[in-house]
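Next comes start_12.csv, a file with CSV, C-alpha atoms.
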chain,number,residue,atom,x,y,z
B,268,MET,CA,-28.2,9.7,37.3
B,269,LEU,CA,-26.8,11.5,34.3
B,270,LYS,CA,-23.4,11.0,32.7
B,271,GLY,CA,-21.2,14.0,32.3
B,272,ILE,CA,-20.7,13.5,28.6
B,273,SER,CA,-20.6,16.4,26.2
B,274,ILE,CA,-21.5,16.1,22.5
B,275,TYR,CA,-20.7,19.2,20.4
B,276,PRO,CA,-22.5,20.1,17.2
B,277,GLU,CA,-22.0,17.6,14.4
B,278,THR,CA,-19.5,18.4,11.7
B,279,LEU,CA,-20.4,18.7,8.0
B,280,SER,CA,-17.6,16.4,6.9
B,281,ASN,CA,-20.1,13.8,5.5
B,282,LYS,CA,-22.0,16.3,3.3
B,283,LYS,CA,-22.1,16.0,-0.4
B,284,LYS,CA,-23.2,18.4,-3.2
B,285,ILE,CA,-26.3,17.6,-5.3
B,286,ASN,CA,-28.4,19.7,-7.6
B,287,ARG,CA,-31.9,20.3,-6.5
B,288,MET,CA,-34.0,19.3,-9.5
B,289,ARG,CA,-37.6,19.8,-10.5
B,290,ARG,CA,-39.5,17.7,-13.0
B,291,ASP,CA,-42.1,18.7,-15.5
B,292,LYS,CA,-45.2,16.6,-16.3
B,293,ASN,CA,-43.2,14.4,-18.7
B,294,GLY,CA,-40.7,13.6,-16.0
B,295,THR,CA,-37.9,15.7,-17.6
B,296,PRO,CA,-35.6,17.1,-15.0
B,297,LYS,CA,-35.2,20.9,-14.8
B,298,GLU,CA,-32.9,22.9,-12.6
B,299,THR,CA,-34.7,25.2,-10.2
B,300,GLY,CA,-32.0,27.8,-10.4
B,301,ARG,CA,-31.5,27.7,-6.6
B,302,GLY,CA,-27.9,26.4,-7.0
B,303,ASN,CA,-26.2,23.6,-5.2
B,304,LEU,CA,-27.5,22.5,-1.8
B,305,LEU,CA,-25.6,20.7,0.9
B,306,VAL,CA,-27.5,17.6,1.9
B,307,ASP,CA,-26.6,15.2,4.6
B,308,ALA,CA,-25.7,11.9,2.9
B,309,ALA,CA,-27.0,9.9,5.8
B,310,GLU,CA,-29.9,11.9,7.1
B,311,SER,CA,-31.5,15.1,5.8
B,312,GLY,CA,-32.6,18.1,7.7
B,313,LEU,CA,-35.9,18.7,9.4
B,314,ILE,CA,-37.6,20.3,6.5
B,315,GLY,CA,-35.7,20.6,3.2
B,316,SER,CA,-32.2,22.0,2.9
B,317,ASP,CA,-29.9,22.1,5.9
B,318,LYS,CA,-27.7,24.7,4.3
B,319,ALA,CA,-28.4,28.3,5.4
B,320,PRO,CA,-28.0,31.0,2.9
B,321,ASP,CA,-24.8,33.0,3.0
B,322,GLY,CA,-24.9,36.8,3.5
B,323,PRO,CA,-25.1,39.4,6.2
B,324,ASN,CA,-28.4,38.1,7.5
B,325,ALA,CA,-27.4,34.5,7.5
B,326,ALA,CA,-27.6,32.5,10.8
B,327,PRO,CA,-24.5,31.8,12.8
B,328,HIS,CA,-22.4,28.9,11.4
B,329,VAL,CA,-23.5,25.7,13.3
B,330,ASP,CA,-20.0,24.6,14.0
B,331,GLN,CA,-19.6,27.7,16.2
B,332,LEU,CA,-22.8,27.3,18.1
B,333,PRO,CA,-22.1,27.1,21.9
B,334,ILE,CA,-24.5,24.1,22.3
B,335,LYS,CA,-23.6,20.8,23.9
B,336,VAL,CA,-25.6,17.9,25.3
B,337,ASP,CA,-25.4,15.7,28.3
B,338,TYR,CA,-27.5,12.6,28.5
B,339,GLY,CA,-28.1,9.4,30.5
B,340,ASP,CA,-27.0,5.9,29.8
B,341,GLU,CA,-28.1,4.4,26.6
B,342,LEU,CA,-28.2,1.0,24.9
B,343,SER,CA,-28.4,2.0,21.2
B,344,PRO,CA,-29.8,-0.3,18.5
B,345,ASP,CA,-27.3,-1.4,15.9
B,346,GLN,CA,-29.4,0.0,13.1
B,347,SER,CA,-29.9,3.7,12.7
B,348,LEU,CA,-32.6,5.6,11.0
B,349,THR,CA,-31.5,6.9,7.6
B,350,PRO,CA,-34.3,9.0,5.9
B,351,GLY,CA,-33.2,10.7,2.8
B,352,GLY,CA,-33.8,14.0,1.2
B,353,SER,CA,-35.8,14.5,-1.9
B,354,LYS,CA,-37.8,11.6,-3.4
B,355,THR,CA,-38.6,10.8,-6.9
B,356,SER,CA,-42.3,10.9,-7.9
B,357,SER,CA,-44.3,7.8,-6.8
B,358,PRO,CA,-46.9,6.0,-8.9
B,359,SER,CA,-49.1,6.0,-5.8
B,360,SER,CA,-49.9,9.7,-6.6
B,361,PRO,CA,-50.7,9.8,-10.3
B,362,GLY,CA,-54.1,9.4,-11.9
B,363,ASP,CA,-56.1,6.2,-12.0
B,364,ASP,CA,-54.9,5.3,-15.5
B,365,VAL,CA,-51.4,4.3,-14.2
B,366,MET,CA,-50.9,0.5,-14.3
B,367,LEU,CA,-49.4,-0.8,-11.1
B,368,GLY,CA,-49.2,-4.5,-12.1
B,369,GLU,CA,-50.8,-7.7,-10.7
B,370,LEU,CA,-50.2,-9.9,-7.6
B,371,THR,CA,-50.7,-13.7,-7.6
B,372,PHE,CA,-51.1,-15.6,-4.4
B,373,SER,CA,-52.9,-18.6,-2.9
B,374,VAL,CA,-55.1,-19.2,0.1
B,375,ASP,CA,-55.5,-22.6,1.9
B,376,TYR,CA,-56.8,-23.8,5.3
B,377,ASN,CA,-55.3,-26.4,7.6
B,378,PHE,CA,-58.2,-27.8,9.5
B,379,PRO,CA,-56.2,-30.0,12.0
B,380,LYS,CA,-54.1,-26.9,13.1
B,381,LYS,CA,-56.8,-24.3,12.6
B,382,ALA,CA,-54.5,-22.3,10.5
B,383,LEU,CA,-54.9,-20.0,7.5
B,384,VAL,CA,-52.1,-20.6,4.9
B,385,VAL,CA,-51.3,-17.8,2.5
B,386,THR,CA,-48.6,-18.1,-0.2
B,387,ILE,CA,-47.4,-14.9,-1.9
B,388,GLN,CA,-46.3,-16.2,-5.2
B,389,GLU,CA,-45.3,-13.4,-7.6
B,390,ALA,CA,-46.1,-10.0,-9.1
B,391,HIS,CA,-46.0,-8.8,-12.7
B,392,GLY,CA,-45.7,-5.5,-14.4
B,393,LEU,CA,-44.7,-3.4,-11.4
B,394,PRO,CA,-43.8,0.3,-12.2
B,395,VAL,CA,-40.3,1.7,-12.1
B,396,MET,CA,-39.6,3.3,-8.7
B,397,ASP,CA,-35.8,3.9,-9.1
B,398,GLU,CA,-35.0,6.1,-12.0
B,399,HIS,CA,-31.3,5.4,-11.8
B,400,THR,CA,-31.6,1.6,-12.3
B,401,GLN,CA,-34.9,1.9,-14.2
B,402,SER,CA,-36.3,-0.8,-11.9
B,403,SER,CA,-37.6,-1.5,-8.4
B,404,ASP,CA,-36.7,-3.4,-5.3
B,405,PRO,CA,-40.1,-4.8,-4.4
B,406,TYR,CA,-41.4,-6.5,-1.3
B,407,ILE,CA,-44.8,-7.1,0.2
B,408,LYS,CA,-46.3,-6.5,3.6
B,409,MET,CA,-49.4,-8.5,4.4
B,410,THR,CA,-52.0,-7.9,7.2
B,411,ILE,CA,-55.2,-9.7,8.1
B,412,LEU,CA,-58.0,-7.2,8.7
B,413,PRO,CA,-59.8,-6.0,10.7
B,414,ASP,CA,-57.9,-6.7,13.9
B,415,LYS,CA,-54.4,-6.5,12.4
B,416,ARG,CA,-53.2,-9.2,14.7
B,417,HIS,CA,-51.1,-10.8,12.0
B,418,ARG,CA,-48.5,-8.8,10.1
B,419,VAL,CA,-45.8,-10.3,7.8
B,420,LYS,CA,-43.2,-9.2,5.2
B,421,THR,CA,-41.6,-11.0,2.3
B,422,ARG,CA,-38.0,-10.6,1.5
B,423,VAL,CA,-36.8,-7.7,-0.7
B,424,LEU,CA,-36.1,-8.8,-4.3
B,425,ARG,CA,-33.6,-6.4,-6.0
B,426,LYS,CA,-33.9,-4.7,-9.4
B,427,THR,CA,-37.0,-6.5,-10.8
B,428,LEU,CA,-40.4,-5.5,-12.0
B,429,ASP,CA,-41.6,-9.1,-12.0
B,430,PRO,CA,-40.6,-10.5,-8.6
B,431,VAL,CA,-41.2,-14.2,-7.7
B,432,PHE,CA,-41.5,-14.4,-3.9
B,433,ASP,CA,-42.9,-17.9,-3.4
B,434,GLU,CA,-43.2,-17.4,0.4
B,435,THR,CA,-45.7,-19.1,2.5
B,436,PHE,CA,-47.1,-17.7,5.8
B,437,THR,CA,-49.2,-19.7,8.3
B,438,PHE,CA,-51.5,-18.0,10.7
B,439,TYR,CA,-52.6,-20.2,13.6
B,440,GLY,CA,-55.6,-19.8,15.8
B,441,ILE,CA,-58.1,-18.7,13.2
B,442,PRO,CA,-61.3,-20.8,13.3
B,443,TYR,CA,-62.6,-21.6,9.8
B,444,SER,CA,-66.0,-20.1,10.8
B,445,GLN,CA,-64.3,-16.7,11.1
B,446,LEU,CA,-62.7,-16.7,7.6
B,447,GLN,CA,-65.8,-15.0,6.1
B,448,ASP,CA,-65.2,-11.9,8.3
B,449,LEU,CA,-61.6,-11.4,7.4
B,450,VAL,CA,-59.9,-9.4,4.7
B,451,LEU,CA,-56.3,-10.0,3.4
B,452,HIS,CA,-54.5,-6.7,2.8
B,453,PHE,CA,-51.3,-6.8,0.7
B,454,LEU,CA,-49.2,-3.6,0.5
B,455,VAL,CA,-46.7,-3.6,-2.3
B,456,LEU,CA,-43.6,-1.5,-1.7
B,457,SER,CA,-40.2,-0.8,-3.2
B,458,PHE,CA,-37.2,-0.8,-0.7
B,459,ASP,CA,-35.2,2.4,-0.5
B,460,ARG,CA,-31.9,2.3,1.5
B,461,PHE,CA,-31.7,6.0,2.2
B,462,SER,CA,-35.3,7.0,2.7
B,463,ARG,CA,-38.8,5.9,3.3
B,464,ASP,CA,-39.8,3.0,1.1
B,465,ASP,CA,-42.0,3.8,-1.9
B,466,VAL,CA,-45.6,2.6,-1.8
B,467,ILE,CA,-46.4,1.0,-5.1
B,468,GLY,CA,-50.0,0.0,-4.4
B,469,GLU,CA,-52.3,-2.4,-2.5
B,470,VAL,CA,-54.5,-5.4,-2.9
B,471,MET,CA,-57.6,-6.0,-0.7
B,472,VAL,CA,-59.1,-9.5,-0.8
B,473,PRO,CA,-62.2,-10.2,1.3
B,474,LEU,CA,-62.3,-13.9,2.3
B,475,ALA,CA,-66.1,-13.9,2.1
B,476,GLY,CA,-65.8,-14.8,-1.6
B,477,VAL,CA,-63.0,-17.4,-1.1
B,478,ASP,CA,-63.6,-21.0,0.0
B,479,PRO,CA,-60.4,-23.0,0.7
B,480,SER,CA,-62.3,-25.9,2.4
B,481,THR,CA,-61.7,-28.1,-0.6
B,482,GLY,CA,-58.1,-27.2,-1.2
B,483,LYS,CA,-55.8,-24.4,-2.2
B,484,VAL,CA,-57.4,-21.4,-4.0
B,485,GLN,CA,-55.1,-19.5,-6.4
B,486,LEU,CA,-56.0,-15.9,-7.1
B,487,THR,CA,-54.6,-13.0,-9.2
B,488,ARG,CA,-55.6,-9.5,-8.4
B,489,GLU,CA,-54.8,-6.1,-9.9
B,490,ILE,CA,-52.6,-3.8,-7.7
B,491,LEU,CA,-54.5,-0.6,-7.1
B,492,LYS,CA,-53.5,2.8,-6.1
B,493,ARG,CA,-53.3,3.0,-2.3
B,494,ASN,CA,-56.3,4.4,-0.6
B,495,ILE,CA,-54.8,7.2,1.4
B,496,GLN,CA,-56.7,7.2,4.7
B,497,LYS,CA,-54.6,8.7,7.4
B,498,CYS,CA,-57.1,7.9,10.1
B,499,ILE,CA,-55.0,5.2,11.6
B,500,SER,CA,-53.6,6.3,14.9
B,501,ARG,CA,-49.9,6.5,15.3
B,502,GLY,CA,-50.1,6.6,19.1
B,503,GLU,CA,-49.2,9.2,21.6
B,504,LEU,CA,-45.9,10.3,23.2
B,505,GLN,CA,-45.5,12.1,26.6
B,506,VAL,CA,-42.5,14.4,27.0
B,507,SER,CA,-41.5,16.9,29.6
B,508,LEU,CA,-39.4,20.1,28.9
B,509,SER,CA,-38.0,22.7,31.3
B,510,TYR,CA,-35.6,25.6,30.7
B,511,GLN,CA,-33.2,27.1,33.3
B,512,PRO,CA,-32.5,30.7,32.2
B,513,VAL,CA,-29.6,31.2,34.6
B,514,ALA,CA,-27.8,28.0,33.6
B,515,GLN,CA,-29.2,28.4,30.0
B,516,ARG,CA,-30.0,24.7,30.0
B,517,MET,CA,-32.9,22.8,28.5
B,518,THR,CA,-33.9,19.5,30.1
B,519,VAL,CA,-35.9,17.1,27.9
B,520,VAL,CA,-37.4,14.0,29.4
B,521,VAL,CA,-38.9,11.3,27.2
B,522,LEU,CA,-41.5,9.9,29.6
B,523,LYS,CA,-43.7,7.2,27.9
B,524,ALA,CA,-45.8,6.3,24.9
B,525,ARG,CA,-49.2,4.6,24.5
B,526,HIS,CA,-51.4,3.0,21.9
B,527,LEU,CA,-48.6,2.5,19.4
B,528,PRO,CA,-49.6,0.6,16.3
B,529,LYS,CA,-48.1,-2.9,15.8
B,530,MET,CA,-45.1,-2.8,13.5
B,531,ASP,CA,-43.4,-6.1,14.3
B,532,ILE,CA,-43.1,-8.7,11.5
B,533,THR,CA,-44.5,-11.5,13.7
B,534,GLY,CA,-47.7,-9.5,14.5
B,535,LEU,CA,-46.6,-9.3,18.2
B,536,SER,CA,-45.9,-6.1,20.1
B,537,GLY,CA,-43.2,-3.9,18.8
B,538,ASN,CA,-39.8,-2.9,20.1
B,539,PRO,CA,-40.0,0.9,20.3
B,540,TYR,CA,-37.4,3.5,21.1
B,541,VAL,CA,-37.3,7.3,20.7
B,542,LYS,CA,-34.7,9.2,18.7
B,543,VAL,CA,-34.3,12.8,19.8
B,544,ASN,CA,-33.0,15.3,17.2
B,545,VAL,CA,-32.2,18.9,18.1
B,546,TYR,CA,-32.2,21.5,15.3
B,547,TYR,CA,-30.9,25.0,15.1
B,548,GLY,CA,-32.9,26.5,12.3
B,549,ARG,CA,-32.9,23.7,9.7
B,550,LYS,CA,-29.6,22.2,10.8
B,551,ARG,CA,-29.4,19.3,13.1
B,552,ILE,CA,-26.9,19.9,15.9
B,553,ALA,CA,-27.5,17.0,18.3
B,554,LYS,CA,-29.0,13.5,18.3
B,555,LYS,CA,-29.5,10.8,20.8
B,556,LYS,CA,-31.6,7.6,21.3
B,557,THR,CA,-33.4,6.1,24.3
B,558,HIS,CA,-33.2,2.4,25.2
B,559,VAL,CA,-35.2,-0.1,23.2
B,560,LYS,CA,-38.3,-1.3,25.1
B,561,LYS,CA,-38.9,-4.9,24.1
B,562,CYS,CA,-42.4,-6.3,23.2
B,563,THR,CA,-44.6,-3.4,24.2
B,564,LEU,CA,-46.9,-0.9,22.6
B,565,ASN,CA,-47.1,1.2,25.8
B,566,PRO,CA,-43.4,1.7,26.7
B,567,VAL,CA,-42.1,3.7,29.7
B,568,PHE,CA,-38.8,5.4,29.0
B,569,ASN,CA,-38.2,8.0,31.7
B,570,GLU,CA,-34.9,9.1,30.1
B,571,SER,CA,-33.4,12.6,30.4
B,572,PHE,CA,-31.4,14.6,27.9
B,573,ILE,CA,-29.8,17.9,28.9
B,574,TYR,CA,-28.8,20.6,26.4
B,575,ASP,CA,-26.9,23.8,27.0
B,576,ILE,CA,-28.7,26.4,24.9
B,577,PRO,CA,-28.1,30.1,25.1
B,578,ILE,CA,-31.4,31.9,25.7
B,579,ASP,CA,-31.1,34.1,22.6
B,580,LEU,CA,-31.1,30.9,20.4
B,581,LEU,CA,-34.3,29.5,21.8
B,582,PRO,CA,-36.6,31.0,19.1
B,583,ASP,CA,-34.7,29.0,16.4
B,584,ILE,CA,-34.5,25.7,18.3
B,585,SER,CA,-36.6,22.7,17.4
B,586,ILE,CA,-36.7,19.3,19.1
B,587,GLU,CA,-37.9,16.3,17.0
B,588,PHE,CA,-39.0,13.1,18.6
B,589,LEU,CA,-39.1,10.0,16.3
B,590,VAL,CA,-40.7,6.9,17.8
B,591,ILE,CA,-39.1,4.0,15.9
B,592,ASP,CA,-39.7,0.3,16.0
B,593,PHE,CA,-36.5,-1.6,16.2
B,594,ASP,CA,-36.2,-4.7,14.0
B,595,ARG,CA,-33.1,-6.9,13.9
B,596,THR,CA,-34.0,-8.6,10.6
B,597,THR,CA,-35.2,-5.7,8.5
B,598,LYS,CA,-35.0,-1.9,8.4
B,599,ASN,CA,-36.3,0.0,11.5
B,600,GLU,CA,-39.7,1.6,10.9
B,601,VAL,CA,-40.7,5.0,12.1
B,602,VAL,CA,-44.0,4.7,14.0
B,603,GLY,CA,-44.6,8.5,14.3
B,604,ARG,CA,-43.1,11.9,14.8
B,605,LEU,CA,-43.5,14.9,17.2
B,606,ILE,CA,-41.8,18.3,16.7
B,607,LEU,CA,-41.7,21.0,19.5
B,608,GLY,CA,-40.2,24.4,19.0
B,609,ALA,CA,-39.6,26.7,16.0
B,610,HIS,CA,-40.9,24.1,13.5
B,611,SER,CA,-43.8,22.6,15.4
B,612,ILE,CA,-46.6,21.9,13.0
B,613,THR,CA,-49.4,21.3,15.6
B,614,ALA,CA,-51.3,23.7,17.9
B,615,GLY,CA,-50.4,21.4,20.9
B,616,GLY,CA,-46.7,21.5,20.0
B,617,VAL,CA,-46.7,25.3,19.7
B,618,GLU,CA,-48.6,25.7,23.0
B,619,HIS,CA,-46.2,23.3,24.8
B,620,TRP,CA,-43.1,25.2,23.7
B,621,ARG,CA,-44.7,28.5,24.6
B,622,GLU,CA,-45.5,27.3,28.2
B,623,VAL,CA,-41.9,26.1,28.6
B,624,CYS,CA,-40.5,29.5,27.5
B,625,GLU,CA,-42.9,31.5,29.6
B,626,ASN,CA,-42.5,29.4,32.7
B,627,PRO,CA,-38.7,29.1,33.4
B,628,ARG,CA,-37.5,26.4,35.8
B,629,LYS,CA,-40.9,24.7,35.6
B,630,PRO,CA,-41.1,21.2,34.0
B,631,VAL,CA,-44.0,21.1,31.6
B,632,ALA,CA,-45.2,17.6,30.6
B,633,LYS,CA,-47.8,16.9,28.0
B,634,TRP,CA,-49.2,14.1,25.8
B,635,HIS,CA,-49.0,14.6,22.0
B,636,SER,CA,-50.5,12.6,19.2
B,637,LEU,CA,-47.8,11.3,16.9
B,638,SER,CA,-48.0,12.3,13.2
B,639,GLU,CA,-46.9,10.3,10.2
B,640,TYR,CA,-43.3,10.6,9.2

Mind turning the file's structure into structure tokens?
Amino acid sequence: MLKGISIYPETLSNKKKINRMRRDKNGTPKETGRGNLLVDAAESGLIGSDKAPDGPNAAPHVDQLPIKVDYGDELSPDQSLTPGGSKTSSPSSPGDDVMLGELTFSVDYNFPKKALVVTIQEAHGLPVMDEHTQSSDPYIKMTILPDKRHRVKTRVLRKTLDPVFDETFTFYGIPYSQLQDLVLHFLVLSFDRFSRDDVIGEVMVPLAGVDPSTGKVQLTREILKRNIQKCISRGELQVSLSYQPVAQRMTVVVLKARHLPKMDITGLSGNPYVKVNVYYGRKRIAKKKTHVKKCTLNPVFNESFIYDIPIDLLPDISIEFLVIDFDRTTKNEVVGRLILGAHSITAGGVEHWREVCENPRKPVAKWHSLSEY
């Protein structure tokens, strides 16, 4: 049962002016000559600037768009997603000669409890990720490969290039005989309040060469450039769309997701929800969230969102689905993204939108693979 609640396009009252900058090879900022752009201080547009150019051919002003949204009941998480606009260059992309620092940690084994004990001690010589403070806000994610059953995070340490974490993590239920088949994966990141966290680098430590049977083994490893292999599945999302040309109404149903990767800090199943953003051109005009589904990697949502969209605006409408893992203790993490409509980047997304527009009044449901955000 849908509530009769109307949400009109968002105002631009929280916008601020910034200069779009470009940097040369030496890191010196240069103005691109494109002038000032209006950027949402809390959340940027779908792709780049959300300010349409002025002039006779400019798109209608978003505040005047006759679009409203009705939606079902919702229990929104307290934390909202806040990706930012442009990012500074990351040391994860330069050449191999960039020094990313070192990580010191120790490995021990508790035989009575059949538990692997890993202490993340400190890091030294990390690169600067925040040009404003000339520092970084580092933290570390650790995973035990290959099964990824155990995922943990350290706390974030502010404004330091030589963080001392001194945090111990105990992983129970790991037989000593299996240690030789495991690999410790440390991902070193720098926290960013307004955007995706910067990846500094990674450390891979096969336990085949480590023997903690006689006591704690302390190790120091160089932090290496992250091996960018995007073969890890982000899972799939099933959505249904239908358009009523007489009522000029689009019905979006978030059905379910499957095979989502584990994002929870404890290594247990995640707490996913879906954020639905509607864009006219590059400007977001509506947003809403589904309920959070606790402790599942195959959530069933079955939540409807209804948008009144004039038929002549359909070619410029995009619907973005962000599958997000809700976390009460740290920042929510985006599991994956799907875009349908004008800015769809996959053949499946383009085909789904075409079927919806060519088959009025018919609900069209499809599964889509999620892409990295």

Near range 623-631 of chain B, counting all atoms listed in the file, which residues have an atom at most 8 Å away, once you skip same-chain residues fewer than 2 positions from it, shown as a compact mmCIF listing (two decimals) with C-alpha atoms, in the frame of the given file?
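What ended up in result02.txt:
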# COMPACT_ATOMS: atom_id res chain seq x y z
CA SER B 507 -41.50 16.90 29.60
CA LEU B 508 -39.40 20.10 28.90
CA SER B 509 -38.00 22.70 31.30
CA TYR B 510 -35.60 25.60 30.70
CA GLN B 511 -33.20 27.10 33.30
CA PRO B 512 -32.50 30.70 32.20
CA HIS B 619 -46.20 23.30 24.80
CA TRP B 620 -43.10 25.20 23.70
CA ARG B 621 -44.70 28.50 24.60
CA LYS B 633 -47.80 16.90 28.00

Taking 6 positions as the minimum chain separation for residues in the same chain, which residues sit within 12 Å of Pro582 in chain B when counting all atoms listed in the file? Answer as a list in words.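 Listed by chain and then number, they are Tyr546, Tyr547, Gly548, Ile576, Leu607, Gly608, Ala609, His610, Ser611, Val617, Trp620, Arg621, Val623 and Cys624 of chain B.
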
Would you list the residues near (-46.3, 2.2, 30.4), meaning any protein, DNA or RNA residue with an atom at most 12 Å from that point in file coordinates, counting only C-alpha atoms, as a list in words? Glu503, Leu504, Gln505, Leu522, Lys523, Ala524, Arg525, His526, Leu527, Pro539, Lys560, Cys562, Thr563, Leu564, Asn565, Pro566, Val567, Phe568 and Asn569 of chain B

With only C-alpha atoms as the atoms that count, which of B:Phe438, B:Tyr406, B:Tyr640, B:Phe432 lies nearest to Val466 in chain B? B:Tyr406

State, in Å with one decimal place, the distance from CA of Lys598 in chain B to CA of Val365 in chain B. 28.6 Å

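In this comparison, which uses only C-alpha atoms, the residue of B:Leu456, B:Phe461, B:Arg488, B:Ala553 approaching Gln388 in chain B most closely is B:Arg488.
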
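CA of Gly482 in chain B sits 16.0 Å away from CA of Ser444 in chain B.
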
CA of Glu618 in chain B to CA of Pro528 in chain B, distance in Å rounded to a single decimal: 26.0 Å

Using only C-alpha atoms: which of B:Leu451, B:Val374, B:Val384, B:Ile490 has the shortest distance to Ile411 in chain B: B:Leu451

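With all atoms listed in the file taken into account, the protein and nucleic acid residues at most 6 Å from Arg604 in chain B (excluding it and anything under 6 positions from it in its own chain) are Phe588, Leu589, Leu637, Ser638 and Tyr640 of chain B.
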
Would you write out those residues with C-alpha atoms, as a JSON list (two decimals), in the frame of the given file?
[["chain", "number", "residue", "atom", "x", "y", "z"],
["B", 588, "PHE", "CA", -39.00, 13.10, 18.60],
["B", 589, "LEU", "CA", -39.10, 10.00, 16.30],
["B", 637, "LEU", "CA", -47.80, 11.30, 16.90],
["B", 638, "SER", "CA", -48.00, 12.30, 13.20],
["B", 640, "TYR", "CA", -43.30, 10.60, 9.20]]

Using all atoms listed in the file for the distances, tell me which of B:Arg425, B:His417, B:Lys561, B:Lys555 is nearest to Val450 in chain B.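 Ranked by minimum distance to Val450 in chain B, first place goes to B:His417.
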
Shell of 6 Å around Ile586 in chain B, all atoms listed in the file, local chain residues under 5 positions omitted, as a tab-separated table (two decimals) with C-alpha atoms, in the coordinates of the input:
chain	number	residue	atom	x	y	z
B	544	ASN	CA	-33.00	15.30	17.20
B	545	VAL	CA	-32.20	18.90	18.10
B	606	ILE	CA	-41.80	18.30	16.70
B	607	LEU	CA	-41.70	21.00	19.50

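Ranking B:Lys492, B:Lys380, B:Lys420, B:Arg595 by their shortest atom-to-atom distance to Val470 in chain B, with all atoms listed in the file included, puts B:Lys492 first.
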
Selected residue, from B:Leu581, B:Leu491, B:Ile387, B:Val543, that lies nearest to Asp433 in chain B when counting all atoms listed in the file: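 Checking each candidate against Asp433 in chain B, we get B:Ile387 as the closest.
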
Please list, as a list in words, the residues that have an atom at most 7 Å away from (-48.8, -16.9, -7.5) in the coordinates of this file, counting all atoms listed in the file.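 Collected hits near the coordinates: Thr371, Phe372, Ser373, Ile387, Gln388, Glu389 and Gln485 of chain B.
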
Give me a file of those residues, with C-alpha atoms, as a compact mmCIF listing (two decimals), in the coordinates of the input.
# COMPACT_ATOMS: atom_id res chain seq x y z
CA THR B 371 -50.70 -13.70 -7.60
CA PHE B 372 -51.10 -15.60 -4.40
CA SER B 373 -52.90 -18.60 -2.90
CA ILE B 387 -47.40 -14.90 -1.90
CA GLN B 388 -46.30 -16.20 -5.20
CA GLU B 389 -45.30 -13.40 -7.60
CA GLN B 485 -55.10 -19.50 -6.40

For range 573-584 of chain B, supply N, CA and C atoms and report the output as a PDB file, in the coordinates of the input.
ATOM      1  N   ILE B 573     -30.062  16.566  28.491  1.00  0.00           N
ATOM      2  CA  ILE B 573     -29.800  17.900  28.900  1.00  0.00           C
ATOM      3  C   ILE B 573     -29.003  18.666  27.839  1.00  0.00           C
ATOM      4  N   TYR B 574     -29.500  19.831  27.402  1.00  0.00           N
ATOM      5  CA  TYR B 574     -28.800  20.600  26.400  1.00  0.00           C
ATOM      6  C   TYR B 574     -28.515  22.004  26.886  1.00  0.00           C
ATOM      7  N   ASP B 575     -27.274  22.453  26.724  1.00  0.00           N
ATOM      8  CA  ASP B 575     -26.900  23.800  27.000  1.00  0.00           C
ATOM      9  C   ASP B 575     -27.195  24.696  25.839  1.00  0.00           C
ATOM     10  N   ILE B 576     -28.224  25.534  25.963  1.00  0.00           N
ATOM     11  CA  ILE B 576     -28.700  26.400  24.900  1.00  0.00           C
ATOM     12  C   ILE B 576     -28.759  27.817  25.316  1.00  0.00           C
ATOM     13  N   PRO B 577     -27.990  28.716  24.709  1.00  0.00           N
ATOM     14  CA  PRO B 577     -28.100  30.100  25.100  1.00  0.00           C
ATOM     15  C   PRO B 577     -29.522  30.634  24.836  1.00  0.00           C
ATOM     16  N   ILE B 578     -29.960  31.498  25.723  1.00  0.00           N
ATOM     17  CA  ILE B 578     -31.400  31.900  25.700  1.00  0.00           C
ATOM     18  C   ILE B 578     -31.719  32.649  24.420  1.00  0.00           C
ATOM     19  N   ASP B 579     -30.751  33.336  23.800  1.00  0.00           N
ATOM     20  CA  ASP B 579     -31.100  34.100  22.600  1.00  0.00           C
ATOM     21  C   ASP B 579     -31.237  33.169  21.369  1.00  0.00           C
ATOM     22  N   LEU B 580     -30.871  31.883  21.500  1.00  0.00           N
ATOM     23  CA  LEU B 580     -31.100  30.900  20.400  1.00  0.00           C
ATOM     24  C   LEU B 580     -32.377  30.181  20.489  1.00  0.00           C
ATOM     25  N   LEU B 581     -33.075  30.280  21.604  1.00  0.00           N
ATOM     26  CA  LEU B 581     -34.300  29.500  21.800  1.00  0.00           C
ATOM     27  C   LEU B 581     -35.340  29.681  20.704  1.00  0.00           C
ATOM     28  N   PRO B 582     -35.559  30.894  20.167  1.00  0.00           N
ATOM     29  CA  PRO B 582     -36.600  31.000  19.100  1.00  0.00           C
ATOM     30  C   PRO B 582     -36.311  30.219  17.858  1.00  0.00           C
ATOM     31  N   ASP B 583     -35.058  29.796  17.650  1.00  0.00           N
ATOM     32  CA  ASP B 583     -34.700  29.000  16.400  1.00  0.00           C
ATOM     33  C   ASP B 583     -34.439  27.567  16.715  1.00  0.00           C
ATOM     34  N   ILE B 584     -34.738  27.100  17.922  1.00  0.00           N
ATOM     35  CA  ILE B 584     -34.500  25.700  18.300  1.00  0.00           C
ATOM     36  C   ILE B 584     -35.743  24.865  18.091  1.00  0.00           C
TER      37      ILE B 584
END
